[in-house]
Protein chains: 2
Amino acid sequence: MSEGDEWPTGRLLSTAARLVEHAWDDVLTGYGLTHSRLVILHLLAAGPATQRELARRSGLEEQTMGRMLRGMEEHGQVLRERDPADRRRSVVTATDEGRRALAAVVGSTSADDLLADVLGGSGHDAEEFRATLLHVVRHFSERRWPQGRGAGAAGDDPPAG
Amino acid sequence: MSEGDEWPTGRLLSTAARLVEHAWDDVLTGYGLTHSRLVILHLLAAGPATQRELARRSGLEEQTMGRMLRGMEEHGQVLRERDPADRRRSVVTATDEGRRALAAVVGSTSADDLLADVLGGSGHDAEEFRATLLHVVRHFSERRWPQGRGAGAAGDDPPAG
DNA sequence: GTACAACACTAAGCATGGTGAGCAATCGGC
DNA sequence: GCCGATTGCTCACCATGCTTAGTGTTGTAC
């Protein structure tokens, strides 16, 4: 595709995301992961969480999260157990296999490095690009789920990575 | 969602794209369009085209394009007719209704303007962001479909918008 | 003129996103 | 203790991407 100049920026964004996802997938498939499951394992690395928490922290709907966790459970990457103290809740934990997969991907040359290379080698500022994306995500998240989606948002920010 | 700092840039890209799509959808739904159909109508504004051309020019698979065109046909936004000169081909044309919808959206305050405002009002350079996205799209497109996907790519670029 | 390759499109099925509806467990006011 | 509201999750279905495997049409080599 050599087009693109005329596209709305929003469509450029979607297309870029799709293409980078494909590049990621090439890497991840070898580790039994997908683009989105990686984020879940990443969140779980900090400790067990409920589905609702995971959904909120990754910006997905709970239904979507539930389905993805079911798939991951079938693949032995996470464990879901009812919380005995509140049986509405599922407590989600990463299994050893899930942790292994995450560590393997993080330790490998990732598509993110590839992306950084693509940008850096062409006069584009990868850090600035990232900062702009983060700004867009935060702004539109706030627009979509005002004040942290009903949950306490204060103190929820992770340490800057 | 107040997270994001730790995410891989690829995931940031996907999330940003999803959020901006939602913002677009809020605008587009009122005009009977969706995010992706807008691009098709935009391409058709230059004149009729075959499904294959549309797919190539928008970076989608032909199957995806076929399904989307079927939906648009059912909604009266495009017309598909077999090319009498080559009955393998479908010639796709925008209907009056499709053109009207496109004109209405283009004439309205679009989510793209919103995006530009969000960036411009915060010290981020919207033009630079766009240029970087375009670079990413072109690089990864080339990676995915080397040399213009088998079709003649030369002279295919649109005038810069 | 007939077989074979290429082309344009369709069909079916998977993945990941969304939505609305609904169910069981829990909590709170009385 | 009971009833209604809330919470946490599931089900069912839609949209838009993808892939693999067709179907029918055209072009070409012999």
# chains A, B, ... in the order shown; residues from 1 in each chain; ligands from 1
call {"tool": "select_by_dssp", "arguments": {"residues": "chain B", "states": "strand (DSSP E or B)", "output": "list of chain:residue names"}}
result
B:Ala49, B:Thr50, B:Val78, B:Leu79, B:Arg80, B:Glu81, B:Arg82, B:Asp83, B:Asp86, B:Arg87, B:Arg88, B:Arg89, B:Ser90, B:Val91, B:Val92, B:Thr93, B:Ala94
call {"tool": "interface_residues", "arguments": {"of": "chain C", "to": "chain B", "cutoff": "10 Å", "atoms": "only C-alpha atoms (C1' of nucleotides)", "output": "PyMOL selection string"}}
result
chain C and resi 7-11+17-18
call {"tool": "residues_around", "arguments": {"residues": "Val118 in chain B", "least_positions_apart": "3", "cutoff": "8 Å", "atoms": "only C-alpha atoms (C1' of nucleotides)", "output": "ChimeraX atom specification"}}
result
/A:136,139 /B:114-115,121-122
call {"tool": "write_last_selection", "arguments": {"atoms": "N, CA and C atoms", "output": "short mmCIF file (atom, residue, chain, number, x, y, z; two decimals), in the first residue's frame"}}
result
data_model
loop_
_atom_site.label_atom_id
_atom_site.label_comp_id
_atom_site.auth_asym_id
_atom_site.auth_seq_id
_atom_site.Cartn_x
_atom_site.Cartn_y
_atom_site.Cartn_z
N VAL A 136 -2.76 10.60 24.09
CA VAL A 136 -4.02 10.30 23.39
C VAL A 136 -4.82 9.27 24.18
N HIS A 139 -6.24 10.86 27.36
CA HIS A 139 -7.31 11.82 27.11
C HIS A 139 -8.61 11.10 26.73
N LEU B 114 -10.96 16.81 16.47
CA LEU B 114 -10.87 16.60 17.91
C LEU B 114 -9.49 16.10 18.29
N LEU B 115 -9.01 15.13 17.53
CA LEU B 115 -7.69 14.57 17.79
C LEU B 115 -6.62 15.64 17.67
N GLY B 121 -3.35 21.17 21.77
CA GLY B 121 -3.55 21.89 23.01
C GLY B 121 -2.68 21.39 24.15
N SER B 122 -1.73 20.54 23.83
CA SER B 122 -0.98 19.93 24.93
C SER B 122 0.51 19.86 24.63
#
call {"tool": "residues_around", "arguments": {"residues": "DG28 in chain C", "least_positions_apart": "2", "cutoff": "12 Å", "atoms": "only C-alpha atoms (C1' of nucleotides)", "output": "compact mmCIF listing (two decimals) with N, CA and C atoms (P, O5', C5', C4', C3', O3' and C1' of nucleotides), in the first residue's frame"}}
result
# COMPACT_ATOMS: atom_id res chain seq x y z
P DT C 26 -21.43 -14.76 48.43
O5' DT C 26 -21.77 -13.21 48.61
C5' DT C 26 -20.93 -12.27 47.97
C4' DT C 26 -21.46 -10.88 48.20
C3' DT C 26 -21.65 -10.50 49.65
O3' DT C 26 -20.76 -9.44 49.92
C1' DT C 26 -23.49 -9.83 48.31
P DC C 30 -33.76 3.56 55.48
O5' DC C 30 -34.76 2.57 56.22
C5' DC C 30 -35.84 1.97 55.48
C4' DC C 30 -36.37 0.76 56.19
C3' DC C 30 -36.60 0.94 57.69
O3' DC C 30 -37.93 1.45 57.91
C1' DC C 30 -35.76 -1.24 57.16
P DC D 2 -36.75 -14.37 56.15
O5' DC D 2 -37.01 -13.05 55.31
C5' DC D 2 -37.54 -11.90 55.95
C4' DC D 2 -37.91 -10.87 54.91
C3' DC D 2 -37.82 -11.34 53.45
O3' DC D 2 -38.77 -10.60 52.72
C1' DC D 2 -36.17 -9.71 53.85
P DC D 3 -39.12 -10.94 51.17
O5' DC D 3 -38.74 -9.59 50.44
C5' DC D 3 -39.29 -8.36 50.93
C4' DC D 3 -38.63 -7.20 50.20
C3' DC D 3 -38.48 -7.42 48.69
O3' DC D 3 -38.80 -6.21 48.04
C1' DC D 3 -36.34 -7.09 49.67
P DG D 4 -38.85 -6.13 46.45
O5' DG D 4 -37.63 -5.14 46.15
C5' DG D 4 -37.62 -3.86 46.78
C4' DG D 4 -36.24 -3.23 46.61
C3' DG D 4 -35.77 -3.15 45.15
O3' DG D 4 -35.17 -1.88 44.96
C1' DG D 4 -34.18 -4.31 46.46
P DA D 5 -34.68 -1.40 43.53
O5' DA D 5 -33.11 -1.24 43.76
C5' DA D 5 -32.67 -0.37 44.81
C4' DA D 5 -31.16 -0.50 44.96
C3' DA D 5 -30.39 -0.33 43.65
O3' DA D 5 -29.29 0.54 43.92
C1' DA D 5 -29.87 -2.43 44.65
P DT D 6 -28.26 0.95 42.74
O5' DT D 6 -27.08 -0.08 42.99
C5' DT D 6 -26.48 -0.13 44.28
C4' DT D 6 -25.41 -1.20 44.29
C3' DT D 6 -24.45 -1.14 43.09
O3' DT D 6 -23.15 -1.08 43.62
C1' DT D 6 -25.27 -3.36 43.42
call {"tool": "closest_residue", "arguments": {"among": "D:DG1, D:DG27, D:DG22, D:DG8", "to": "chain A", "atoms": "only C-alpha atoms (C1' of nucleotides)"}}
result
D:DG8
call {"tool": "select_by_dssp", "arguments": {"residues": "range 29-145 of chain A", "states": "alpha helix (DSSP H)", "output": "PyMOL selection string"}}
result
chain A and resi 35-44+51-58+62-74+96-107+111-120+126-144
call {"tool": "write_last_selection", "arguments": {"atoms": "C-alpha atoms", "output": "short mmCIF file (atom, residue, chain, number, x, y, z; two decimals), in the first residue's frame"}}
result
data_model
loop_
_atom_site.label_atom_id
_atom_site.label_comp_id
_atom_site.auth_asym_id
_atom_site.auth_seq_id
_atom_site.Cartn_x
_atom_site.Cartn_y
_atom_site.Cartn_z
CA HIS A 35 -0.75 -9.44 21.35
CA SER A 36 -3.42 -8.81 23.96
CA ARG A 37 -2.73 -11.72 26.29
CA LEU A 38 0.70 -10.34 26.88
CA VAL A 39 -0.79 -7.32 28.59
CA ILE A 40 -2.83 -9.52 30.89
CA LEU A 41 0.21 -11.54 31.91
CA HIS A 42 2.06 -8.31 32.43
CA LEU A 43 -0.63 -7.04 34.80
CA LEU A 44 -0.72 -10.37 36.62
CA GLN A 51 -11.40 -9.92 36.21
CA ARG A 52 -12.95 -6.57 36.85
CA GLU A 53 -9.64 -5.10 37.92
CA LEU A 54 -7.88 -6.52 34.90
CA ALA A 55 -10.52 -5.12 32.59
CA ARG A 56 -10.31 -1.67 34.10
CA ARG A 57 -6.54 -1.59 34.09
CA SER A 58 -6.27 -2.66 30.48
CA GLU A 62 -15.36 -7.04 31.38
CA GLN A 63 -17.02 -9.35 28.89
CA THR A 64 -14.04 -9.17 26.60
CA MET A 65 -11.71 -9.80 29.50
CA GLY A 66 -13.76 -12.78 30.66
CA ARG A 67 -13.58 -14.39 27.26
CA MET A 68 -9.85 -13.83 26.94
CA LEU A 69 -9.20 -15.25 30.38
CA ARG A 70 -11.25 -18.31 29.53
CA GLY A 71 -9.06 -18.88 26.51
CA MET A 72 -5.91 -18.35 28.53
CA GLU A 73 -7.17 -20.73 31.19
CA GLU A 74 -7.71 -23.38 28.54
CA ASP A 96 4.14 -20.99 35.93
CA GLU A 97 3.64 -21.54 32.24
CA GLY A 98 2.16 -18.07 31.86
CA ARG A 99 5.08 -16.53 33.73
CA ARG A 100 7.56 -18.47 31.66
CA ALA A 101 5.97 -17.26 28.42
CA LEU A 102 6.02 -13.66 29.61
CA ALA A 103 9.65 -13.86 30.65
CA ALA A 104 10.61 -15.42 27.34
CA VAL A 105 8.96 -12.67 25.32
CA VAL A 106 10.33 -9.87 27.47
CA GLY A 107 13.78 -11.38 27.16
CA ALA A 111 8.51 -6.06 17.92
CA ASP A 112 8.67 -3.02 20.15
CA ASP A 113 12.39 -2.83 19.55
CA LEU A 114 11.62 -3.22 15.89
CA LEU A 115 9.23 -0.31 16.08
CA ALA A 116 11.77 1.81 17.89
CA ASP A 117 14.34 0.95 15.25
CA VAL A 118 11.97 1.85 12.45
CA LEU A 119 11.32 5.22 14.02
CA GLY A 120 14.82 5.96 15.24
CA ALA A 126 10.37 7.27 19.23
CA GLU A 127 10.10 8.74 22.72
CA GLU A 128 8.03 11.66 21.54
CA PHE A 129 5.81 9.30 19.56
CA ARG A 130 5.28 7.19 22.65
CA ALA A 131 4.53 10.21 24.79
CA THR A 132 1.97 11.43 22.27
CA LEU A 133 0.28 8.03 22.18
CA LEU A 134 0.15 7.96 25.95
CA HIS A 135 -1.41 11.39 25.92
CA VAL A 136 -4.02 10.30 23.39
CA VAL A 137 -4.82 7.16 25.37
CA ARG A 138 -5.23 9.06 28.59
CA HIS A 139 -7.31 11.82 27.11
CA PHE A 140 -9.73 9.55 25.29
CA SER A 141 -9.90 7.11 28.19
CA GLU A 142 -11.00 9.90 30.43
CA ARG A 143 -13.53 10.89 27.80
CA ARG A 144 -14.88 7.34 27.55
#
call {"tool": "atom_distance", "arguments": {"atom1": "CA of Thr93 in chain B", "atom2": "CA of Gln77 in chain B"}}
result
8.7 Å
call {"tool": "closest_residue", "arguments": {"among": "B:Thr34, B:Pro146, B:His124, B:Gly76", "to": "chain D", "atoms": "only C-alpha atoms (C1' of nucleotides)"}}
result
B:Thr34
call {"tool": "interface_residues", "arguments": {"of": "chain D", "to": "chain B", "cutoff": "8 Å", "atoms": "only C-alpha atoms (C1' of nucleotides)", "output": "NGL selection string"}}
result
:D and (16-17 or 24-26)
call {"tool": "write_last_selection", "arguments": {"atoms": "N, CA, C and O atoms (P, O5', C5', C4', C3', O3' and C1' of nucleotides)", "output": "mmCIF file, in the first residue's frame"}}
result
data_model
loop_
_atom_site.group_PDB
_atom_site.id
_atom_site.type_symbol
_atom_site.label_atom_id
_atom_site.label_comp_id
_atom_site.auth_asym_id
_atom_site.auth_seq_id
_atom_site.Cartn_x
_atom_site.Cartn_y
_atom_site.Cartn_z
ATOM 1 P P DT D 16 -18.136 -2.829 10.380
ATOM 2 O "O5'" DT D 16 -16.659 -3.397 10.570
ATOM 3 C "C5'" DT D 16 -15.839 -2.805 11.547
ATOM 4 C "C4'" DT D 16 -14.544 -3.571 11.638
ATOM 5 C "C3'" DT D 16 -13.921 -3.866 10.272
ATOM 6 O "O3'" DT D 16 -12.532 -3.677 10.394
ATOM 7 C "C1'" DT D 16 -14.072 -5.813 11.513
ATOM 8 P P DG D 17 -11.698 -3.019 9.234
ATOM 9 O "O5'" DG D 17 -10.303 -3.763 9.380
ATOM 10 C "C5'" DG D 17 -10.050 -4.996 8.765
ATOM 11 C "C4'" DG D 17 -9.293 -5.881 9.724
ATOM 12 C "C3'" DG D 17 -8.684 -7.094 9.028
ATOM 13 O "O3'" DG D 17 -7.387 -6.772 8.534
ATOM 14 C "C1'" DG D 17 -9.831 -7.764 10.986
ATOM 15 P P DG D 24 -19.217 -22.861 -9.775
ATOM 16 O "O5'" DG D 24 -18.853 -21.609 -10.676
ATOM 17 C "C5'" DG D 24 -19.320 -20.325 -10.294
ATOM 18 C "C4'" DG D 24 -18.528 -19.274 -11.043
ATOM 19 C "C3'" DG D 24 -18.471 -19.500 -12.553
ATOM 20 O "O3'" DG D 24 -18.739 -18.254 -13.161
ATOM 21 C "C1'" DG D 24 -16.308 -19.209 -11.701
ATOM 22 P P DT D 25 -18.900 -18.117 -14.769
ATOM 23 O "O5'" DT D 25 -17.557 -17.326 -15.099
ATOM 24 C "C5'" DT D 25 -17.414 -16.007 -14.582
ATOM 25 C "C4'" DT D 25 -16.108 -15.436 -15.080
ATOM 26 C "C3'" DT D 25 -15.940 -15.494 -16.597
ATOM 27 O "O3'" DT D 25 -15.669 -14.163 -17.032
ATOM 28 C "C1'" DT D 25 -14.015 -16.358 -15.504
ATOM 29 P P DT D 26 -15.525 -13.819 -18.578
ATOM 30 O "O5'" DT D 26 -13.958 -13.853 -18.755
ATOM 31 C "C5'" DT D 26 -13.174 -12.969 -17.966
ATOM 32 C "C4'" DT D 26 -11.711 -13.300 -18.138
ATOM 33 C "C3'" DT D 26 -11.237 -13.295 -19.599
ATOM 34 O "O3'" DT D 26 -10.271 -12.278 -19.706
ATOM 35 C "C1'" DT D 26 -10.401 -15.171 -18.389
#
call {"tool": "atom_distance", "arguments": {"atom1": "CA of His75 in chain B", "atom2": "CA of Ala16 in chain A"}}
result
28.3 Å
call {"tool": "residues_around", "arguments": {"residues": "Ala17 in chain B", "least_positions_apart": "3", "cutoff": "9 Å", "atoms": "only C-alpha atoms (C1' of nucleotides)", "output": "CSV table (one decimal) with all heavy atoms, in the first residue's frame"}}
result
chain,number,residue,atom,x,y,z
A,10,GLY,N,-7.1,9.3,12.3
A,10,GLY,CA,-7.7,8.2,13.0
A,10,GLY,C,-7.5,6.9,12.3
A,10,GLY,O,-7.2,5.9,12.9
A,11,ARG,N,-7.7,6.9,11.0
A,11,ARG,CA,-7.6,5.7,10.2
A,11,ARG,C,-6.1,5.3,10.1
A,11,ARG,O,-5.8,4.1,10.1
A,11,ARG,CB,-8.2,5.9,8.8
A,11,ARG,CG,-8.2,4.7,7.9
A,11,ARG,CD,-9.1,3.6,8.5
A,11,ARG,NE,-9.0,2.4,7.8
A,11,ARG,CZ,-9.7,1.3,8.1
A,11,ARG,NH1,-10.5,1.3,9.1
A,11,ARG,NH2,-9.6,0.2,7.4
A,12,LEU,N,-5.3,6.3,10.0
A,12,LEU,CA,-3.8,6.0,10.0
A,12,LEU,C,-3.5,5.2,11.3
A,12,LEU,O,-2.7,4.3,11.3
A,12,LEU,CB,-3.0,7.3,9.9
A,12,LEU,CG,-2.7,7.8,8.6
A,12,LEU,CD1,-1.8,9.1,8.7
A,12,LEU,CD2,-1.9,6.8,7.7
A,13,LEU,N,-4.0,5.7,12.4
A,13,LEU,CA,-3.7,5.1,13.7
A,13,LEU,C,-4.2,3.7,13.7
A,13,LEU,O,-3.4,2.8,14.1
A,13,LEU,CB,-4.5,6.0,14.7
A,13,LEU,CG,-4.1,5.9,16.2
A,13,LEU,CD1,-2.7,6.2,16.4
A,13,LEU,CD2,-5.0,6.9,17.0
A,14,SER,N,-5.4,3.4,13.2
A,14,SER,CA,-5.9,2.0,13.2
A,14,SER,C,-5.0,1.1,12.4
A,14,SER,O,-4.7,0.0,12.7
A,14,SER,CB,-7.3,2.0,12.7
A,14,SER,OG,-8.2,2.8,13.5
A,15,THR,N,-4.7,1.6,11.2
A,15,THR,CA,-3.9,0.8,10.3
A,15,THR,C,-2.5,0.6,10.8
A,15,THR,O,-2.0,-0.6,10.8
A,15,THR,CB,-3.8,1.5,8.9
A,15,THR,OG1,-5.1,1.8,8.4
A,15,THR,CG2,-3.1,0.7,7.9
A,16,ALA,N,-1.9,1.6,11.4
A,16,ALA,CA,-0.6,1.4,12.0
A,16,ALA,C,-0.7,0.3,13.1
A,16,ALA,O,0.1,-0.6,13.2
A,16,ALA,CB,-0.1,2.7,12.5
A,17,ALA,N,-1.8,0.4,13.9
A,17,ALA,CA,-1.9,-0.5,15.0
A,17,ALA,C,-2.0,-1.9,14.5
A,17,ALA,O,-1.4,-2.9,15.0
A,17,ALA,CB,-3.1,-0.1,15.8
A,137,VAL,N,-4.1,8.2,24.6
A,137,VAL,CA,-4.8,7.2,25.4
A,137,VAL,C,-5.5,7.7,26.6
A,137,VAL,O,-6.6,7.5,26.9
A,137,VAL,CB,-3.9,6.0,25.7
A,137,VAL,CG1,-4.5,5.1,26.8
A,137,VAL,CG2,-3.5,5.2,24.5
B,12,LEU,N,0.1,0.4,23.2
B,12,LEU,CA,-0.4,1.8,23.3
B,12,LEU,C,-1.0,2.2,22.0
B,12,LEU,O,-2.1,2.8,21.9
B,12,LEU,CB,0.8,2.7,23.6
B,12,LEU,CG,1.1,3.0,25.0
B,12,LEU,CD1,2.3,4.1,25.0
B,12,LEU,CD2,0.0,3.5,25.8
B,13,LEU,N,-0.4,1.8,20.9
B,13,LEU,CA,-0.9,2.1,19.6
B,13,LEU,C,-2.3,1.5,19.4
B,13,LEU,O,-3.2,2.2,18.9
B,13,LEU,CB,0.1,1.6,18.5
B,13,LEU,CG,0.1,2.1,17.1
B,13,LEU,CD1,0.2,3.6,17.1
B,13,LEU,CD2,1.3,1.4,16.4
B,14,SER,N,-2.4,0.2,19.7
B,14,SER,CA,-3.7,-0.4,19.5
B,14,SER,C,-4.8,0.3,20.4
B,14,SER,O,-5.9,0.5,19.9
B,14,SER,CB,-3.6,-1.9,20.0
B,14,SER,OG,-2.7,-2.6,19.2
B,20,VAL,N,-9.8,6.2,19.7
B,20,VAL,CA,-10.1,7.2,18.7
B,20,VAL,C,-11.2,6.7,17.8
B,20,VAL,O,-12.1,7.5,17.4
B,20,VAL,CB,-8.8,7.6,17.9
B,20,VAL,CG1,-9.2,8.5,16.7
B,20,VAL,CG2,-7.8,8.3,18.8
B,21,GLU,N,-11.2,5.4,17.5
B,21,GLU,CA,-12.3,4.8,16.7
B,21,GLU,C,-13.6,5.1,17.4
B,21,GLU,O,-14.6,5.4,16.8
B,21,GLU,CB,-12.1,3.3,16.5
B,21,GLU,CG,-11.3,3.0,15.2
B,21,GLU,CD,-11.2,1.5,15.0
B,21,GLU,OE1,-12.2,0.8,15.2
B,21,GLU,OE2,-10.2,1.0,14.6
B,22,HIS,N,-13.7,4.8,18.7
B,22,HIS,CA,-14.9,5.1,19.4
B,22,HIS,C,-15.4,6.5,19.3
B,22,HIS,O,-16.6,6.8,19.1
B,22,HIS,CB,-14.7,4.7,20.9
B,22,HIS,CG,-14.8,3.3,21.2
B,22,HIS,ND1,-15.9,2.5,20.9
B,22,HIS,CD2,-13.9,2.4,21.7
B,22,HIS,CE1,-15.7,1.3,21.2
B,22,HIS,NE2,-14.5,1.2,21.7
call {"tool": "closest_residue", "arguments": {"among": "A:Gly59, A:Ala45, A:Asp26, A:Thr95", "to": "chain B", "atoms": "only C-alpha atoms"}}
result
A:Gly59
